[in-house]
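Everything below belongs to query.tsv, which stores TSV, C-alpha atoms.
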chain	number	residue	atom	x	y	z
A	1	MET	CA	239.85	138.54	-17.80
A	2	SER	CA	237.21	136.31	-19.30
A	3	ARG	CA	235.07	133.87	-17.36
A	4	ILE	CA	234.01	130.36	-18.30
A	5	ASN	CA	230.72	131.58	-19.83
A	6	ASP	CA	232.71	133.54	-22.45
A	7	VAL	CA	233.03	130.59	-24.84
A	8	GLY	CA	232.85	132.40	-28.20
A	9	GLY	CA	235.52	130.90	-30.45
A	10	MET	CA	236.71	128.38	-27.84
A	11	ALA	CA	237.72	124.99	-29.28
A	12	GLY	CA	236.92	121.55	-27.90
A	13	PHE	CA	233.16	121.50	-27.43
A	14	PRO	CA	231.19	118.63	-28.94
A	15	PRO	CA	229.01	118.80	-32.06
A	16	ILE	CA	225.73	120.69	-31.72
A	17	ALA	CA	222.89	118.38	-30.68
A	18	GLU	CA	219.36	119.25	-31.77
A	19	GLU	CA	216.41	117.78	-29.90
A	20	PRO	CA	213.36	117.27	-32.12
A	21	ASP	CA	210.08	118.55	-30.63
A	22	GLU	CA	211.88	119.85	-27.59
A	23	PRO	CA	209.53	120.72	-24.71
A	24	ARG	CA	209.58	124.19	-23.17
A	25	PHE	CA	210.94	122.68	-19.95
A	26	HIS	CA	212.36	119.19	-19.44
A	27	ALA	CA	211.04	118.84	-15.88
A	28	ASP	CA	208.58	120.66	-13.63
A	29	TRP	CA	211.37	121.92	-11.40
A	30	GLU	CA	212.89	123.78	-14.37
A	31	ALA	CA	209.65	125.71	-14.83
A	32	HIS	CA	209.62	126.45	-11.09
A	33	VAL	CA	213.20	127.73	-11.19
A	34	PHE	CA	212.34	129.93	-14.17
A	35	ALA	CA	209.31	131.38	-12.40
A	36	LEU	CA	211.10	131.75	-9.06
A	37	ASN	CA	213.84	133.84	-10.65
A	38	GLY	CA	211.31	136.15	-12.31
A	39	ALA	CA	209.48	136.58	-9.01
A	40	LEU	CA	212.65	137.45	-7.08
A	41	ILE	CA	213.88	139.95	-9.67
A	42	ARG	CA	210.47	141.60	-9.84
A	43	ARG	CA	210.47	141.91	-6.04
A	44	GLY	CA	213.88	143.54	-6.18
A	45	VAL	CA	215.62	140.83	-4.16
A	46	TYR	CA	218.34	141.03	-6.82
A	47	ASN	CA	218.56	142.33	-10.37
A	48	LEU	CA	219.17	140.64	-13.71
A	49	ASP	CA	222.84	141.60	-13.87
A	50	GLU	CA	223.46	140.17	-10.40
A	51	PHE	CA	221.73	136.97	-11.53
A	52	ARG	CA	223.92	136.67	-14.62
A	53	ASP	CA	227.02	137.44	-12.58
A	54	ALA	CA	226.13	134.77	-10.02
A	55	GLN	CA	226.03	132.16	-12.80
A	56	GLU	CA	229.21	133.37	-14.45
A	57	ARG	CA	231.23	133.13	-11.24
A	58	LEU	CA	230.22	129.56	-10.46
A	59	PRO	CA	233.30	127.36	-10.10
A	60	VAL	CA	234.36	126.42	-13.64
A	61	GLN	CA	233.90	122.68	-13.22
A	62	ARG	CA	230.47	123.19	-11.71
A	63	TYR	CA	229.43	125.58	-14.48
A	64	LEU	CA	230.40	123.11	-17.19
A	65	ALA	CA	228.83	120.10	-15.46
A	66	ALA	CA	225.52	121.85	-14.72
A	67	SER	CA	222.51	121.94	-16.99
A	68	TYR	CA	221.04	125.29	-17.98
A	69	TYR	CA	218.46	125.47	-15.21
A	70	GLU	CA	220.82	123.89	-12.63
A	71	ARG	CA	222.98	126.98	-13.22
A	72	TRP	CA	219.95	129.18	-12.68
A	73	PHE	CA	219.11	127.46	-9.41
A	74	ALA	CA	222.74	127.65	-8.23
A	75	ALA	CA	222.73	131.40	-8.96
A	76	ILE	CA	219.42	131.90	-7.11
A	77	THR	CA	220.61	130.10	-3.98
A	78	THR	CA	223.99	131.91	-4.07
A	79	LEU	CA	222.21	135.27	-4.17
A	80	LEU	CA	219.69	134.36	-1.46
A	81	VAL	CA	222.59	133.56	0.87
A	82	GLU	CA	224.61	136.64	-0.12
A	83	LYS	CA	221.59	138.91	0.35
A	84	GLY	CA	221.09	137.50	3.82
A	85	ILE	CA	217.67	136.04	3.06
A	86	ALA	CA	218.59	132.50	4.02
A	87	THR	CA	221.59	130.55	5.18
A	88	ALA	CA	223.19	127.88	3.03
A	89	ALA	CA	222.10	125.25	5.55
A	90	GLU	CA	218.46	126.36	5.32
A	91	LEU	CA	218.51	126.01	1.54
A	92	GLU	CA	219.64	122.41	1.57
A	93	ALA	CA	216.89	119.83	1.32
A	94	PRO	CA	216.66	117.68	4.47
A	95	ASP	CA	217.72	114.55	2.60
A	96	ASP	CA	220.69	116.15	0.81
A	97	HIS	CA	223.11	114.49	3.18
A	98	ALA	CA	221.58	111.07	2.70
A	99	HIS	CA	223.30	110.74	-0.71
B	100	MET	CA	223.05	108.05	-9.94
B	101	SER	CA	220.24	108.11	-12.48
B	102	GLY	CA	218.97	111.27	-14.15
B	103	ASP	CA	215.59	110.76	-12.48
B	104	HIS	CA	217.25	110.64	-9.11
B	105	VAL	CA	219.15	113.88	-9.75
B	106	SER	CA	215.87	115.41	-10.85
B	107	SER	CA	214.05	114.37	-7.68
B	108	VAL	CA	216.83	115.74	-5.46
B	109	ILE	CA	216.79	119.11	-7.18
B	110	SER	CA	212.96	119.15	-7.25
B	111	ALA	CA	212.99	118.77	-3.48
B	112	ARG	CA	215.53	121.56	-3.10
B	113	VAL	CA	213.52	123.92	-5.33
B	114	ARG	CA	210.35	123.19	-3.33
B	115	ARG	CA	212.21	123.85	-0.11
B	116	VAL	CA	213.43	127.24	-1.35
B	117	GLU	CA	209.90	128.15	-2.47
B	118	ASP	CA	208.45	127.20	0.95
B	119	LEU	CA	211.12	129.16	2.74
B	120	LEU	CA	210.55	132.27	0.61
B	121	GLU	CA	206.80	132.00	1.09
B	122	GLY	CA	207.37	131.78	4.83
B	123	ARG	CA	209.47	134.95	4.70
B	124	GLY	CA	206.90	136.86	2.66
B	125	LEU	CA	209.02	136.99	-0.49
B	126	LEU	CA	206.71	134.81	-2.53
B	127	ASP	CA	202.91	134.68	-2.61
B	128	ALA	CA	201.08	131.38	-2.56
B	129	GLY	CA	200.25	130.43	-6.15
B	130	GLU	CA	202.65	133.01	-7.61
B	131	ILE	CA	204.96	130.43	-9.17
B	132	ASP	CA	202.12	128.57	-10.89
B	133	ARG	CA	200.69	131.85	-12.15
B	134	ARG	CA	204.05	132.87	-13.64
B	135	ILE	CA	204.49	129.48	-15.33
B	136	ASP	CA	201.04	129.84	-16.92
B	137	GLU	CA	201.81	133.39	-18.06
B	138	PHE	CA	205.05	132.24	-19.63
B	139	ALA	CA	203.31	129.40	-21.45
B	140	ALA	CA	200.84	131.89	-22.89
B	141	GLY	CA	203.58	134.34	-23.88
B	142	GLY	CA	206.09	134.56	-26.74
B	143	SER	CA	206.01	132.16	-29.66
B	144	PRO	CA	207.79	131.89	-33.00
B	145	ALA	CA	204.38	132.65	-34.54
B	146	ASN	CA	204.98	136.28	-33.52
B	147	GLY	CA	208.29	136.48	-35.36
B	148	ALA	CA	206.70	134.71	-38.33
B	149	ARG	CA	203.95	137.36	-38.50
B	150	VAL	CA	206.59	140.09	-38.56
B	151	VAL	CA	208.44	138.38	-41.40
B	152	ALA	CA	205.30	137.78	-43.48
B	153	ARG	CA	204.27	141.43	-43.11
B	154	ALA	CA	207.76	142.54	-44.20
B	155	TRP	CA	207.53	140.26	-47.26
B	156	VAL	CA	204.20	141.69	-48.43
B	157	ASP	CA	204.70	145.32	-47.38
B	158	PRO	CA	208.01	146.91	-48.49
B	159	GLY	CA	207.22	150.04	-46.47
B	160	PHE	CA	206.90	147.97	-43.30
B	161	ALA	CA	210.11	146.12	-44.20
B	162	SER	CA	212.06	149.40	-44.39
B	163	ARG	CA	210.59	150.64	-41.11
B	164	LEU	CA	211.39	147.27	-39.49
B	165	LEU	CA	215.01	147.32	-40.59
B	166	ALA	CA	215.43	150.97	-39.58
B	167	ASP	CA	213.76	150.77	-36.14
B	168	ALA	CA	212.41	147.35	-35.25
B	169	ASN	CA	211.15	148.30	-31.77
B	170	THR	CA	208.81	150.95	-33.22
B	171	ALA	CA	207.75	148.86	-36.23
B	172	LEU	CA	206.70	145.95	-33.99
B	173	GLY	CA	204.02	148.19	-32.53
B	174	GLU	CA	202.23	148.18	-35.90
B	175	LEU	CA	201.52	144.46	-35.28
B	176	GLY	CA	200.67	144.92	-31.62
B	177	LEU	CA	203.98	143.35	-30.54
B	178	SER	CA	206.70	144.76	-28.31
B	179	MET	CA	210.08	143.94	-26.77
B	180	SER	CA	209.06	145.22	-23.35
B	181	GLY	CA	207.45	142.01	-22.05
B	182	GLY	CA	210.39	141.25	-19.78
B	183	LEU	CA	211.79	143.34	-16.99
B	184	GLN	CA	212.94	146.13	-19.29
B	185	GLU	CA	212.52	146.92	-23.00
B	186	GLN	CA	215.25	145.30	-25.06
B	187	ARG	CA	216.58	146.83	-28.25
B	188	LEU	CA	215.76	144.70	-31.30
B	189	LYS	CA	217.67	144.77	-34.55
B	190	VAL	CA	216.26	142.86	-37.51
B	191	VAL	CA	218.84	141.77	-40.08
B	192	ALA	CA	217.70	140.82	-43.61
B	193	ASN	CA	219.12	137.92	-45.57
B	194	SER	CA	219.92	138.45	-49.25
B	195	ALA	CA	221.71	136.55	-52.00
B	196	ALA	CA	224.89	138.36	-50.97
B	197	GLU	CA	224.63	138.07	-47.19
B	198	HIS	CA	223.23	135.52	-44.71
B	199	HIS	CA	222.75	136.37	-41.03
B	200	VAL	CA	222.86	134.12	-38.00
B	201	VAL	CA	222.26	134.97	-34.33
B	202	VAL	CA	224.00	133.72	-31.18
B	203	CYS	CA	224.62	134.78	-27.59
B	204	THR	CA	228.19	133.69	-26.89
B	205	LEU	CA	228.05	134.73	-23.22
B	206	CYS	CA	224.78	133.08	-22.21
B	207	SER	CA	221.42	132.74	-23.92
B	208	CYS	CA	220.07	136.22	-24.82
B	209	TYR	CA	217.32	135.87	-27.37
B	210	PRO	CA	214.10	137.69	-28.40
B	211	ILE	CA	211.67	135.47	-26.48
B	212	ALA	CA	208.71	137.74	-27.26
B	213	LEU	CA	209.13	136.97	-30.97
B	214	LEU	CA	210.61	133.48	-30.95
B	215	GLY	CA	209.28	131.84	-27.79
B	216	PRO	CA	211.62	129.95	-25.44
B	217	SER	CA	215.00	129.19	-26.98
B	218	PRO	CA	215.97	125.64	-27.92
B	219	SER	CA	218.67	123.89	-25.87
B	220	TRP	CA	221.11	123.88	-28.78
B	221	TYR	CA	221.00	127.70	-28.84
B	222	LYS	CA	222.07	127.72	-25.17
B	223	SER	CA	224.75	125.03	-25.59
B	224	GLU	CA	228.46	125.75	-25.35
B	225	ALA	CA	228.81	123.81	-28.60
B	226	TYR	CA	226.75	126.33	-30.61
B	227	ARG	CA	227.94	129.42	-28.74
B	228	SER	CA	231.62	128.58	-29.14
B	229	ARG	CA	231.58	127.35	-32.72
B	230	VAL	CA	229.19	129.52	-34.69
B	231	VAL	CA	231.43	132.58	-34.31
B	232	ARG	CA	234.55	130.70	-35.41
B	233	ASP	CA	233.14	128.54	-38.18
B	234	PRO	CA	229.65	129.76	-39.11
B	235	ARG	CA	229.73	128.09	-42.51
B	236	GLY	CA	230.59	124.72	-40.98
B	237	VAL	CA	227.92	125.07	-38.29
B	238	LEU	CA	225.29	126.04	-40.86
B	239	ARG	CA	226.27	123.00	-42.91
B	240	GLU	CA	225.56	120.80	-39.85
B	241	PHE	CA	222.10	122.35	-39.75
B	242	GLY	CA	221.70	121.43	-43.41
B	243	VAL	CA	222.22	124.95	-44.74
B	244	GLU	CA	224.72	124.97	-47.60
B	245	LEU	CA	225.39	128.52	-48.77
B	246	PRO	CA	227.20	129.51	-51.97
B	247	ALA	CA	230.85	130.37	-51.32
B	248	GLU	CA	230.23	133.96	-52.43
B	249	THR	CA	227.49	134.51	-49.83
B	250	GLN	CA	228.94	136.41	-46.90
B	251	ILE	CA	227.87	135.22	-43.43
B	252	SER	CA	227.38	137.75	-40.63
B	253	VAL	CA	227.08	136.50	-37.03
B	254	TRP	CA	225.26	138.73	-34.53
B	255	ASP	CA	226.18	138.27	-30.86
B	256	ALA	CA	223.24	139.22	-28.65
B	257	SER	CA	223.52	140.83	-25.21
B	258	ALA	CA	221.26	141.59	-22.27
B	259	GLU	CA	220.19	144.88	-23.85
B	260	SER	CA	220.34	144.06	-27.60
B	261	ARG	CA	218.57	141.21	-29.32
B	262	TYR	CA	218.54	140.16	-32.99
B	263	MET	CA	216.13	138.48	-35.35
B	264	VAL	CA	216.79	137.35	-38.92
B	265	LEU	CA	214.45	138.35	-41.74
B	266	PRO	CA	214.74	135.32	-44.05
B	267	ARG	CA	214.48	135.60	-47.84
B	268	ARG	CA	211.01	135.03	-49.23
B	269	PRO	CA	210.98	131.68	-51.03
B	270	GLU	CA	210.49	131.62	-54.82
B	271	GLY	CA	207.03	130.79	-56.11
B	272	THR	CA	205.11	132.17	-53.13
B	273	GLY	CA	203.58	135.15	-54.95
B	274	ALA	CA	200.04	133.76	-54.64
B	275	LEU	CA	200.18	133.02	-50.90
B	276	SER	CA	198.32	135.12	-48.35
B	277	GLU	CA	200.15	136.86	-45.52
B	278	ALA	CA	198.95	134.20	-43.07
B	279	GLU	CA	200.10	131.40	-45.38
B	280	LEU	CA	203.49	133.07	-45.73
B	281	ALA	CA	203.80	133.29	-41.94
B	282	GLY	CA	203.17	129.54	-41.83
B	283	LEU	CA	206.39	128.98	-43.80
B	284	VAL	CA	208.60	130.73	-41.25
B	285	THR	CA	210.33	128.58	-38.63
B	286	ARG	CA	212.13	129.42	-35.40
B	287	LYS	CA	215.40	128.28	-36.94
B	288	GLY	CA	214.71	130.53	-39.92
B	289	LEU	CA	214.41	133.47	-37.50
B	290	ILE	CA	217.73	132.55	-35.84
B	291	GLY	CA	219.43	131.99	-39.20
B	292	THR	CA	220.22	128.29	-38.84
B	293	ALA	CA	217.68	127.37	-41.51
B	294	LEU	CA	216.44	128.87	-44.75
B	295	VAL	CA	212.73	129.38	-45.31
Written form, structure tokens:
Amino acid sequence: MSRINDVGGMAGFPPIAEEPDEPRFHADWEAHVFALNGALIRRGVYNLDEFRDAQERLPVQRYLAASYYERWFAAITTLLVEKGIATAAELEAPDDHAH
Amino acid sequence: MSGDHVSSVISARVRRVEDLLEGRGLLDAGEIDRRIDEFAAGGSPANGARVVARAWVDPGFASRLLADANTALGELGLSMSGGLQEQRLKVVANSAAEHHVVVCTLCSCYPIALLGPSPSWYKSEAYRSRVVRDPRGVLREFGVELPAETQISVWDASAESRYMVLPRRPEGTGALSEAELAGLVTRKGLIGTALV
């Protein structure tokens, strides 16, 4: 059974939007997420296939609403919890509940 | 909620995860900054452009490239092993009869070593979903109008296999040097969503 990431041929997505002179990352945190993932894979905390899988099994609505690196960060935190490295509560920023 | 606000919330969460991992010995101080710098100094479309220019001026290299791209890259000091494992590269050559275009329908697989970081449109659901169903229409949106008799082949990349397009050498470039030829090659030309 296919997952939400398997969009080849699917109808209903908007026109393709090109961004002229697009930067490598749109915010510092995106670069940090990119680097963090590389560091964790290299340390063997999880492997690349587990990382891809963790993105692909995000709840469908969350997958579609998230930006590219938001998906990465969601996958990283999912795996850190599943591997027993941290609890979900520890990974929430202190002010998360303020909003 | 503004975009800036979302960004500051997620920035704080990312910092918190980094601090926590540092505290648990899973991240060294300065490691993240070092990796960001390494990435910035890494792959660029200039690498893919060099490969294309060499193939245009050296038919022997072009045949070796199309037969076994991973080995041929070594002749230019390039490789596909910069990531966590070596990825297989296949180079597909455009001709009057056939135009190639690359996608990763499942995620965003892409030869970063040769093309640099991928543009957002390459990673978008819009591109991934549509280019396999209506490549001619998608290419038209990118301003590429191909003759009806030109066949379009779409290559769907995966974690292990990556693709790069060898564009056609433009007419009237016989007098250009290899470096000048490389200067004509764009990232979109290497993906197949532009001609050179």
Which residues of chain B come within 9 Å of chain A, and for each one, what is the closest pair of atoms and their distance in Å to one decimal, counting all atoms listed in the file, sorted by chain and residue number, as JSON lines?
{"residue": "B:Ser106", "atom": "CA", "partner": "A:Ala27", "partner_atom": "CA", "distance": 7.8}
{"residue": "B:Ser107", "atom": "CA", "partner": "A:Trp29", "partner_atom": "CA", "distance": 8.8}
{"residue": "B:Val108", "atom": "CA", "partner": "A:Asp96", "partner_atom": "CA", "distance": 7.4}
{"residue": "B:Ile109", "atom": "CA", "partner": "A:Trp29", "partner_atom": "CA", "distance": 7.4}
{"residue": "B:Ser110", "atom": "CA", "partner": "A:Trp29", "partner_atom": "CA", "distance": 5.2}
{"residue": "B:Ala111", "atom": "CA", "partner": "A:Ala93", "partner_atom": "CA", "distance": 6.3}
{"residue": "B:Arg112", "atom": "CA", "partner": "A:Ala93", "partner_atom": "CA", "distance": 4.9}
{"residue": "B:Val113", "atom": "CA", "partner": "A:Trp29", "partner_atom": "CA", "distance": 6.7}
{"residue": "B:Arg114", "atom": "CA", "partner": "A:Trp29", "partner_atom": "CA", "distance": 8.2}
{"residue": "B:Arg115", "atom": "CA", "partner": "A:Ala93", "partner_atom": "CA", "distance": 6.3}
{"residue": "B:Val116", "atom": "CA", "partner": "A:Leu91", "partner_atom": "CA", "distance": 6.0}
{"residue": "B:Glu117", "atom": "CA", "partner": "A:Leu36", "partner_atom": "CA", "distance": 7.6}
{"residue": "B:Leu119", "atom": "CA", "partner": "A:Leu91", "partner_atom": "CA", "distance": 8.1}
{"residue": "B:Leu120", "atom": "CA", "partner": "A:Ile85", "partner_atom": "CA", "distance": 8.4}
{"residue": "B:Arg123", "atom": "CA", "partner": "A:Ile85", "partner_atom": "CA", "distance": 8.4}
{"residue": "B:Leu125", "atom": "CA", "partner": "A:Leu40", "partner_atom": "CA", "distance": 7.5}
{"residue": "B:Leu126", "atom": "CA", "partner": "A:Ala39", "partner_atom": "CA", "distance": 7.3}
{"residue": "B:Glu130", "atom": "CA", "partner": "A:Ala39", "partner_atom": "CA", "distance": 7.8}
{"residue": "B:Ile131", "atom": "CA", "partner": "A:Ala35", "partner_atom": "CA", "distance": 5.5}
{"residue": "B:Asp132", "atom": "CA", "partner": "A:His32", "partner_atom": "CA", "distance": 7.8}
{"residue": "B:Arg133", "atom": "CA", "partner": "A:Ala35", "partner_atom": "CA", "distance": 8.6}
{"residue": "B:Arg134", "atom": "CA", "partner": "A:Ala35", "partner_atom": "CA", "distance": 5.6}
{"residue": "B:Ile135", "atom": "CA", "partner": "A:Ala35", "partner_atom": "CA", "distance": 6.0}
{"residue": "B:Phe138", "atom": "CA", "partner": "A:Ala35", "partner_atom": "CA", "distance": 8.4}
{"residue": "B:Ala139", "atom": "CA", "partner": "A:Arg24", "partner_atom": "CA", "distance": 8.3}
{"residue": "B:Leu183", "atom": "CA", "partner": "A:Arg42", "partner_atom": "CA", "distance": 7.5}
{"residue": "B:Cys203", "atom": "CA", "partner": "A:Gly8", "partner_atom": "CA", "distance": 8.6}
{"residue": "B:Thr204", "atom": "CA", "partner": "A:Gly8", "partner_atom": "CA", "distance": 5.0}
{"residue": "B:Leu205", "atom": "CA", "partner": "A:Asp6", "partner_atom": "CA", "distance": 4.9}
{"residue": "B:Cys206", "atom": "CA", "partner": "A:Asn5", "partner_atom": "CA", "distance": 6.6}
{"residue": "B:Gly215", "atom": "CA", "partner": "A:Arg24", "partner_atom": "CA", "distance": 8.9}
{"residue": "B:Pro216", "atom": "CA", "partner": "A:Arg24", "partner_atom": "CA", "distance": 6.5}
{"residue": "B:Ser217", "atom": "CA", "partner": "A:Arg24", "partner_atom": "CA", "distance": 8.3}
{"residue": "B:Pro218", "atom": "CA", "partner": "A:Glu22", "partner_atom": "CA", "distance": 7.1}
{"residue": "B:Ser219", "atom": "CA", "partner": "A:Glu18", "partner_atom": "CA", "distance": 7.5}
{"residue": "B:Trp220", "atom": "CA", "partner": "A:Glu18", "partner_atom": "CA", "distance": 5.8}
{"residue": "B:Tyr221", "atom": "CA", "partner": "A:Ile16", "partner_atom": "CA", "distance": 8.9}
{"residue": "B:Lys222", "atom": "CA", "partner": "A:Tyr68", "partner_atom": "CA", "distance": 7.7}
{"residue": "B:Ser223", "atom": "CA", "partner": "A:Ile16", "partner_atom": "CA", "distance": 7.6}
{"residue": "B:Glu224", "atom": "CA", "partner": "A:Phe13", "partner_atom": "CA", "distance": 6.7}
{"residue": "B:Ala225", "atom": "CA", "partner": "A:Phe13", "partner_atom": "CA", "distance": 5.1}
{"residue": "B:Tyr226", "atom": "CA", "partner": "A:Ile16", "partner_atom": "CA", "distance": 5.8}
{"residue": "B:Arg227", "atom": "CA", "partner": "A:Gly8", "partner_atom": "CA", "distance": 5.8}
{"residue": "B:Ser228", "atom": "CA", "partner": "A:Gly8", "partner_atom": "CA", "distance": 4.1}
{"residue": "B:Arg229", "atom": "CA", "partner": "A:Gly9", "partner_atom": "CA", "distance": 5.8}
{"residue": "B:Val230", "atom": "CA", "partner": "A:Gly9", "partner_atom": "CA", "distance": 7.7}
{"residue": "B:Val231", "atom": "CA", "partner": "A:Gly9", "partner_atom": "CA", "distance": 5.9}
{"residue": "B:Arg232", "atom": "CA", "partner": "A:Gly9", "partner_atom": "CA", "distance": 5.1}
{"residue": "B:Asp233", "atom": "CA", "partner": "A:Gly9", "partner_atom": "CA", "distance": 8.4}
{"residue": "B:Val237", "atom": "CA", "partner": "A:Ile16", "partner_atom": "CA", "distance": 8.2}
{"residue": "B:Glu240", "atom": "CA", "partner": "A:Ile16", "partner_atom": "CA", "distance": 8.1}
{"residue": "B:Phe241", "atom": "CA", "partner": "A:Ile16", "partner_atom": "CA", "distance": 9.0}
{"residue": "B:Ala258", "atom": "CA", "partner": "A:Asp49", "partner_atom": "CA", "distance": 8.5}
- Task: Enter the distance from atom CA of B:Ala171 to atom CA of B:Ser260, in Å, rounded to one decimal.
- Result: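 Calculated distance between atom CA of B:Ala171 and atom CA of B:Ser260 is 16.0 Å.
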Can you list, as a compact mmCIF listing (two decimals) with C-alpha atoms, in the frame of the given file, every protein, DNA or RNA residue that comes within 7 Å of B:Tyr262 when you count only C-alpha atoms, leaving out same-chain residues fewer than 6 positions away?
# COMPACT_ATOMS: atom_id res chain seq x y z
CA LEU B 188 215.76 144.70 -31.30
CA LYS B 189 217.67 144.77 -34.55
CA VAL B 190 216.26 142.86 -37.51
CA VAL B 201 222.26 134.97 -34.33
CA PRO B 210 214.10 137.69 -28.40
CA ALA B 256 223.24 139.22 -28.65
- May I ask which of the residues B:Val253, B:Ala247, B:Met179, B:Leu275 is the closest one to B:Gly147, counting all atoms listed in the file?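 Ranking B:Val253, B:Ala247, B:Met179, B:Leu275 by distance to B:Gly147, first place goes to B:Met179.
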- Message: If we count all atoms listed in the file and set the cut-off at 9 Å, which residues sit around B:Val150, ignoring sequence neighbours fewer than 4 positions away in its own chain? Please answer as an NGL selection string.
- Response: :B and (145-146 or 154-155 or 161 or 164 or 172 or 175 or 213 or 265 or 281)
